[in-house]
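Source file coords.txt; content: compact mmCIF, C-alpha atoms.
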```txt
# COMPACT_ATOMS: atom_id res chain seq x y z
CA MET B 154 0.00 0.00 0.00
CA ARG B 155 1.41 3.38 -1.05
CA GLU B 156 0.74 6.42 1.12
CA ILE B 157 -0.02 9.90 -0.26
CA SER B 158 -0.44 12.81 2.11
CA SER B 159 -3.60 14.89 1.98
CA GLU B 160 -1.39 18.01 1.95
CA LYS B 161 0.23 16.80 -1.29
CA VAL B 162 -3.23 16.49 -2.80
CA THR B 163 -4.10 20.02 -1.68
CA GLU B 164 -0.89 21.47 -3.10
CA THR B 165 -1.41 19.71 -6.43
CA VAL B 166 -5.03 20.82 -6.80
CA ALA B 167 -4.11 24.42 -5.95
CA ARG B 168 -1.37 24.45 -8.57
CA LEU B 169 -3.57 22.88 -11.24
CA CYS B 170 -6.37 25.41 -10.64
CA GLN B 171 -3.99 28.24 -11.47
CA GLU B 172 -2.22 26.53 -14.35
CA ALA B 173 -5.54 25.63 -15.98
CA ASP B 174 -6.78 29.23 -15.79
CA PHE B 175 -3.50 30.73 -17.06
CA ASP B 176 -2.27 28.29 -19.72
CA ILE B 177 -4.27 26.93 -22.66
CA PRO B 178 -3.12 23.39 -23.59
CA GLU B 179 -0.94 23.10 -26.68
CA ASP B 180 -3.46 20.89 -28.49
CA VAL B 181 -6.11 23.61 -28.15
CA LEU B 182 -3.70 26.27 -29.45
CA ASP B 183 -2.75 24.04 -32.38
CA ALA B 184 -6.42 23.55 -33.27
CA LEU B 185 -7.12 27.30 -33.07
CA LYS B 186 -4.17 28.03 -35.39
CA LYS B 187 -5.24 25.33 -37.83
CA TYR B 188 -8.79 26.63 -38.05
CA ARG B 189 -7.60 30.24 -38.22
CA ASP B 190 -5.63 29.46 -41.38
CA ALA B 191 -8.61 27.66 -42.93
CA GLU B 192 -11.30 30.17 -41.92
CA GLU B 193 -12.97 31.78 -44.95
CA SER B 194 -14.51 34.74 -43.10
CA PRO B 195 -12.19 37.78 -42.65
CA LEU B 196 -14.04 38.70 -39.46
CA GLY B 197 -13.79 35.11 -38.27
CA ARG B 198 -10.00 35.15 -38.82
CA GLN B 199 -9.75 38.42 -36.94
CA VAL B 200 -11.64 36.96 -33.96
CA LEU B 201 -9.41 33.88 -33.94
CA ASP B 202 -6.32 36.12 -34.04
CA GLN B 203 -7.63 38.00 -30.99
CA ILE B 204 -8.31 34.74 -29.15
CA LEU B 205 -4.75 33.53 -29.84
CA GLU B 206 -3.32 36.88 -28.73
CA ASN B 207 -5.37 36.74 -25.53
CA ASP B 208 -4.14 33.22 -24.79
CA GLY B 209 -0.53 34.35 -25.23
CA ILE B 210 -0.98 37.29 -22.86
CA ALA B 211 -2.59 35.05 -20.21
CA THR B 212 0.34 32.62 -20.33
CA SER B 213 3.10 35.23 -20.32
CA GLU B 214 1.58 37.41 -17.59
CA LYS B 215 0.02 34.60 -15.53
CA ILE B 216 -3.46 36.11 -15.56
CA PRO B 217 -6.79 34.38 -16.26
CA ILE B 218 -7.60 33.57 -19.88
CA CYS B 219 -11.21 34.56 -19.16
CA GLN B 220 -12.82 36.63 -16.42
CA ASP B 221 -15.06 33.62 -15.69
CA CYS B 222 -12.59 31.36 -13.89
CA GLY B 223 -15.21 28.67 -13.77
CA THR B 224 -16.62 26.01 -11.54
CA ALA B 225 -13.77 23.79 -10.35
CA VAL B 226 -14.54 20.37 -11.81
CA VAL B 227 -12.08 17.82 -10.42
CA PHE B 228 -11.66 14.28 -11.73
CA LEU B 229 -9.83 11.85 -9.43
CA GLU B 230 -8.53 8.45 -10.54
CA LEU B 231 -7.55 6.81 -7.27
CA GLY B 232 -5.44 3.67 -7.39
CA GLN B 233 -6.70 0.79 -5.26
CA GLU B 234 -3.27 0.52 -3.66
CA VAL B 235 -3.22 4.14 -2.47
CA HIS B 236 -3.90 5.20 1.09
CA ILE B 237 -4.52 8.92 1.72
CA ILE B 238 -2.98 9.91 5.05
CA GLY B 239 -3.16 13.04 7.17
CA GLY B 240 -6.72 13.96 6.31
CA ASP B 241 -9.83 13.36 4.24
CA LEU B 242 -9.43 13.24 0.43
CA ASN B 243 -12.48 15.39 -0.29
CA ILE B 244 -11.45 18.00 2.27
CA ALA B 245 -7.96 18.05 0.75
CA VAL B 246 -9.42 18.73 -2.71
CA GLU B 247 -11.65 21.52 -1.41
CA GLU B 248 -8.71 23.15 0.37
CA GLY B 249 -6.72 22.95 -2.85
CA VAL B 250 -9.46 24.76 -4.79
CA ARG B 251 -9.70 27.35 -2.02
CA ARG B 252 -5.94 28.04 -2.08
CA GLY B 253 -5.69 27.96 -5.84
CA TYR B 254 -8.43 30.52 -6.38
CA GLU B 255 -7.37 32.80 -3.54
CA ASP B 256 -3.62 32.75 -4.21
CA GLY B 257 -4.11 33.01 -7.98
CA TYR B 258 -6.56 35.92 -7.68
CA LEU B 259 -9.10 33.91 -9.68
CA ARG B 260 -12.72 35.01 -9.72
CA LYS B 261 -14.88 33.15 -7.22
CA SER B 262 -18.22 32.34 -8.81
CA ILE B 263 -19.88 29.66 -6.67
CA VAL B 264 -23.05 30.53 -4.74
CA SER B 265 -24.94 28.52 -2.13
CA GLN B 266 -28.73 28.06 -1.98
CA PRO B 267 -28.95 28.59 -5.76
CA PHE B 268 -32.74 28.90 -5.94
CA SER B 269 -33.04 31.70 -3.36
CA ALA B 270 -30.28 33.51 -1.43
CA ARG B 271 -27.46 32.79 -3.91
CA VAL B 272 -24.75 33.80 -1.44
CA ASN B 273 -21.21 33.70 -2.84
CA THR B 274 -19.06 31.18 -0.95
CA LYS B 275 -16.07 33.51 -1.52
CA ASP B 276 -13.53 30.77 -2.27
CA ASN B 277 -15.06 28.95 -5.28
CA THR B 278 -15.89 25.87 -3.24
CA PRO B 279 -17.43 23.40 -3.22
CA ALA B 280 -15.79 21.75 -6.19
CA MET B 281 -17.58 19.26 -8.44
CA VAL B 282 -15.60 16.11 -7.63
CA HIS B 283 -15.82 12.88 -9.65
CA LEU B 284 -13.97 9.92 -8.11
CA GLU B 285 -13.11 6.72 -9.96
CA MET B 286 -11.29 3.75 -8.45
CA VAL B 287 -8.62 2.27 -10.75
CA ARG B 288 -5.79 -0.21 -10.53
CA GLY B 289 -2.37 0.79 -9.29
CA ASP B 290 -0.70 2.94 -6.64
CA ARG B 291 -1.09 6.41 -8.14
CA LEU B 292 -3.58 9.25 -7.87
CA LYS B 293 -4.34 11.13 -11.09
CA ILE B 294 -5.90 14.57 -10.61
CA THR B 295 -7.48 16.53 -13.46
CA VAL B 296 -8.80 20.04 -12.84
CA MET B 297 -11.24 21.51 -15.36
CA PRO B 298 -12.46 25.05 -14.68
CA LYS B 299 -15.84 25.13 -16.46
CA GLY B 300 -17.28 28.52 -17.37
CA GLY B 301 -20.95 29.30 -16.81
CA GLY B 302 -21.62 30.48 -20.36
CA SER B 303 -20.74 27.17 -21.96
CA GLU B 304 -22.08 24.98 -19.14
CA ASN B 305 -25.47 26.72 -19.45
CA MET B 306 -25.73 25.30 -22.97
CA SER B 307 -25.62 21.68 -21.74
CA ARG B 308 -28.43 19.51 -23.02
CA LEU B 309 -29.82 16.05 -22.24
CA ALA B 310 -32.31 14.07 -24.31
CA MET B 311 -33.80 10.69 -23.53
CA LEU B 312 -34.18 9.57 -27.12
CA THR B 313 -36.10 6.49 -28.14
CA PRO B 314 -33.95 3.65 -29.52
CA ALA B 315 -35.78 3.89 -32.86
CA MET B 316 -34.28 7.36 -33.42
CA GLY B 317 -30.89 5.72 -33.87
CA ARG B 318 -27.77 7.35 -35.29
CA LYS B 319 -29.68 10.07 -37.13
CA GLY B 320 -31.50 11.04 -33.96
CA VAL B 321 -28.21 11.45 -32.11
CA ILE B 322 -26.69 13.61 -34.84
CA ASP B 323 -29.79 15.78 -35.22
CA PHE B 324 -30.00 16.39 -31.46
CA VAL B 325 -26.34 17.34 -31.10
CA VAL B 326 -26.39 19.69 -34.10
CA LYS B 327 -29.63 21.29 -32.91
CA SER B 328 -28.10 21.82 -29.45
CA VAL B 329 -25.11 23.67 -30.92
CA ASP B 330 -27.33 25.66 -33.28
CA GLU B 331 -29.63 26.79 -30.47
CA ALA B 332 -26.63 27.69 -28.30
CA GLY B 333 -25.43 30.11 -30.98
CA SER B 334 -22.84 32.55 -29.67
CA ASN B 335 -23.64 31.93 -25.98
CA PRO B 336 -20.88 29.35 -25.31
CA CYS B 337 -18.19 31.56 -26.93
CA PRO B 338 -17.37 29.56 -30.05
CA PRO B 339 -15.34 28.00 -31.45
CA VAL B 340 -16.44 25.27 -29.07
CA ILE B 341 -15.45 21.72 -28.38
CA VAL B 342 -18.53 19.50 -28.38
CA GLY B 343 -18.61 16.72 -25.79
CA VAL B 344 -21.21 14.02 -26.46
CA GLY B 345 -22.22 11.21 -24.10
CA ILE B 346 -24.37 8.39 -25.45
CA GLY B 347 -25.87 5.58 -23.38
CA GLY B 348 -25.94 4.58 -19.75
CA THR B 349 -28.52 6.54 -17.78
CA ALA B 350 -29.22 10.27 -17.63
CA ASP B 351 -26.43 10.88 -15.11
CA LYS B 352 -23.97 8.56 -16.87
CA ALA B 353 -24.51 10.25 -20.24
CA THR B 354 -23.87 13.71 -18.84
CA ILE B 355 -20.61 12.72 -17.16
CA LEU B 356 -19.49 10.94 -20.35
CA ALA B 357 -20.09 14.16 -22.28
CA LYS B 358 -18.00 16.18 -19.84
CA LYS B 359 -15.16 13.64 -19.72
CA ALA B 360 -15.10 13.61 -23.53
CA LEU B 361 -13.88 17.21 -23.39
CA LEU B 362 -10.63 16.06 -21.74
CA ARG B 363 -9.48 14.19 -24.84
CA ARG B 364 -6.81 15.81 -27.01
CA VAL B 365 -8.56 18.16 -29.39
CA GLY B 366 -9.47 16.39 -32.62
CA GLU B 367 -8.23 12.98 -31.47
CA PRO B 368 -10.86 10.55 -32.79
CA ASN B 369 -12.53 7.91 -30.69
CA PRO B 370 -10.64 4.60 -31.15
CA ASP B 371 -13.91 2.93 -32.19
CA THR B 372 -14.20 3.64 -35.94
CA GLU B 373 -18.00 3.74 -35.87
CA ILE B 374 -17.96 6.40 -33.14
CA ALA B 375 -15.16 8.28 -34.93
CA ASP B 376 -17.32 8.42 -38.08
CA LEU B 377 -20.17 9.82 -35.98
CA GLU B 378 -17.85 12.52 -34.60
CA ARG B 379 -16.71 13.52 -38.08
CA GLU B 380 -20.25 13.83 -39.43
CA ILE B 381 -21.43 15.91 -36.48
CA LEU B 382 -18.40 18.21 -36.77
CA GLU B 383 -19.03 18.77 -40.47
CA ARG B 384 -22.68 19.61 -39.88
CA VAL B 385 -21.88 21.88 -36.94
CA ASN B 386 -19.32 23.83 -38.97
CA ASN B 387 -21.85 24.23 -41.76
CA LEU B 388 -24.19 26.11 -39.40
CA GLY B 389 -22.35 29.37 -40.11
CA ILE B 390 -22.23 30.52 -36.47
CA GLY B 391 -18.48 31.02 -36.61
CA PRO B 392 -16.01 32.43 -34.06
CA GLN B 393 -17.84 34.26 -31.27
CA GLY B 394 -21.01 34.08 -33.38
CA PHE B 395 -19.78 36.53 -36.05
CA GLY B 396 -20.14 34.03 -38.88
CA GLY B 397 -17.74 31.65 -40.56
CA ARG B 398 -16.85 27.99 -40.83
CA THR B 399 -15.22 27.62 -37.41
CA THR B 400 -18.06 26.96 -34.99
CA ALA B 401 -16.40 23.92 -33.40
CA LEU B 402 -12.79 22.78 -33.14
CA ALA B 403 -13.77 19.17 -32.51
CA VAL B 404 -16.54 16.76 -31.57
CA HIS B 405 -15.64 14.10 -29.00
CA ALA B 406 -18.15 11.34 -28.27
CA GLU B 407 -18.07 8.65 -25.58
CA VAL B 408 -20.46 5.72 -25.61
CA PHE B 409 -21.67 3.32 -22.91
CA SER B 410 -24.12 0.42 -22.85
CA THR B 411 -27.73 1.21 -21.97
CA HIS B 412 -31.17 -0.28 -21.27
CA ILE B 413 -33.16 -1.82 -24.14
CA ALA B 414 -35.84 0.89 -23.81
CA MET B 415 -33.48 3.88 -23.63
CA MET B 416 -30.99 5.98 -25.58
CA PRO B 417 -29.77 8.90 -23.43
CA VAL B 418 -27.74 11.55 -25.26
CA ALA B 419 -26.00 14.42 -23.48
CA VAL B 420 -24.20 17.43 -24.93
CA ASN B 421 -21.61 19.40 -22.97
CA LEU B 422 -19.96 22.35 -24.73
CA ASN B 423 -16.60 23.86 -23.89
CA CYS B 424 -15.78 27.38 -25.04
CA HIS B 425 -12.59 28.15 -26.97
CA ALA B 426 -10.86 28.48 -23.58
CA ALA B 427 -10.78 24.71 -23.14
CA ARG B 428 -9.06 24.75 -19.75
CA HIS B 429 -7.82 21.62 -18.02
CA LYS B 430 -4.59 20.44 -16.39
CA GLU B 431 -3.65 17.12 -14.87
CA ALA B 432 -0.99 15.62 -12.62
CA THR B 433 -0.25 12.16 -11.26
CA ILE B 434 1.13 11.67 -7.75
```
Could I get this structure in the form of structure tokens?
Amino acid sequence: MREISSEKVTETVARLCQEADFDIPEDVLDALKKYRDAEESPLGRQVLDQILENDGIATSEKIPICQDCGTAVVFLELGQEVHIIGGDLNIAVEEGVRRGYEDGYLRKSIVSQPFSARVNTKDNTPAMVHLEMVRGDRLKITVMPKGGGSENMSRLAMLTPAMGRKGVIDFVVKSVDEAGSNPCPPVIVGVGIGGTADKATILAKKALLRRVGEPNPDTEIADLEREILERVNNLGIGPQGFGGRTTALAVHAEVFSTHIAMMPVAVNLNCHAARHKEATI
């Protein structure tokens, strides 16, 4: 049994919160540059140039890429041979978010009692923590700050099995079309298919962690991703909604088995600031 201190978890989460809000991953930058060169709309190219300039300033000056520093979504892959010592794992994660947002001067956006008082918690906690037990003696931590504008465009449909592949594609494309400029395109489209309502939504969010444009290893699912991406980029929404061919940088779909009477489909959009960082301890 390998021991990992709760303080190490806290330090790692705090660091990742800041790194994710300051530094856009290289795969996202590469995708933005690729689509900038291919964009037919002069205004669309100008918007993409401004996005790339903004990302460079954020990295060099260590300031947030976006004023919305997001909900702290934290994915934990905990090895079965790991023992957390010195404190509770969940408390360690929350303390990491608290330190990361306070020390990094990141905007705190979380409110309690959301249907009435909506009082700001002042430290961006609680985090949205998703824990998965895996083999091994390591703890993998992924921090994904998720902005409110893109998260508000999330959609879930409990489709009938008879709607099939076409039903999935039509629902996803309609979701992006109705979102319009709200999620700050160009977006990355996360799609979860199967399981139950809750399983589909988490699949859609986890799909956003894949390298941008990396196809699903299942060729049937990869073909689905390509068709959805083509249709989405034919909508004409374009960068920041000003028109053009670059509405989405990628479509990532994850699929899970489901009940014979069901076909849940979830859509989770990420804005062009596709922020996430990970570390293994």
**OP:** Would you mind telling me which residue in B:Met416, B:Thr349, B:Ala211, B:Leu377 lies nearest to Ala315 (chain B) when using all atoms listed in the file?
**Re:**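 Of all the options, B:Met416 lies closest to Ala315 (chain B).
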Original post:
Which of these, B:Pro217, B:Pro195, B:Gly347, B:Gly391, has the shortest distance to Pro314 (chain B) once you count all atoms listed in the file?
Top reply: B:Gly347
Original post:
Can you tell me, as a list in words, what residues are no more than 8 Å from Leu361 (chain B) when counting all atoms listed in the file, ignoring any on the same chain fewer than 6 positions away?
Top reply: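 Using all atoms listed in the file, the neighbours found are Ile341, Val342, Gly343, His405 and Asn423 of chain B.
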File dump, residues just selected, C-alpha atoms, as a CSV table (one decimal), in the coordinates of the input:
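The file below, selection-v1.csv, is the result:
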```csv
chain,number,residue,atom,x,y,z
B,341,ILE,CA,-15.4,21.7,-28.4
B,342,VAL,CA,-18.5,19.5,-28.4
B,343,GLY,CA,-18.6,16.7,-25.8
B,405,HIS,CA,-15.6,14.1,-29.0
B,423,ASN,CA,-16.6,23.9,-23.9
```
**OP:** Please work out which residues fall within 10 Å of (-3.8, 15.6, -10.4), coordinates as given in the file, with only C-alpha atoms counting, and return them as a PyMOL selection string.
**Re:** chain B and resi 162-169+227-230+291-296+430-434
Calculate, to one decimal in Å, the centre and edge lengths of the box along x, y and z of the file that holds all listed atoms of region 313-331 of chain B with 4 Å of margin on each side, and present them as JSON.
```
{"center_x": -30.6, "center_y": 15.2, "center_z": -32.6, "size_x": 19.0, "size_y": 31.1, "size_z": 17.0}
```
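Comparing B:Leu402, B:Ala419, B:Ile413, B:Ala173 by their smallest distance to Leu185 (chain B), the closest is B:Leu402 (using only C-alpha atoms).
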Subject >> Surrounding residues of region 255-268 of chain B excluding itself and chain neighbours under 2 positions, 10 Å, all atoms listed in the file, as JSON, numbers by chain >> reply: {"B": [167, 168, 170, 171, 172, 174, 175, 215, 216, 217, 219, 220, 221, 222, 223, 224, 225, 249, 250, 251, 252, 253, 270, 271, 272, 273, 274, 275, 276, 277, 278, 279, 280, 300, 301]}
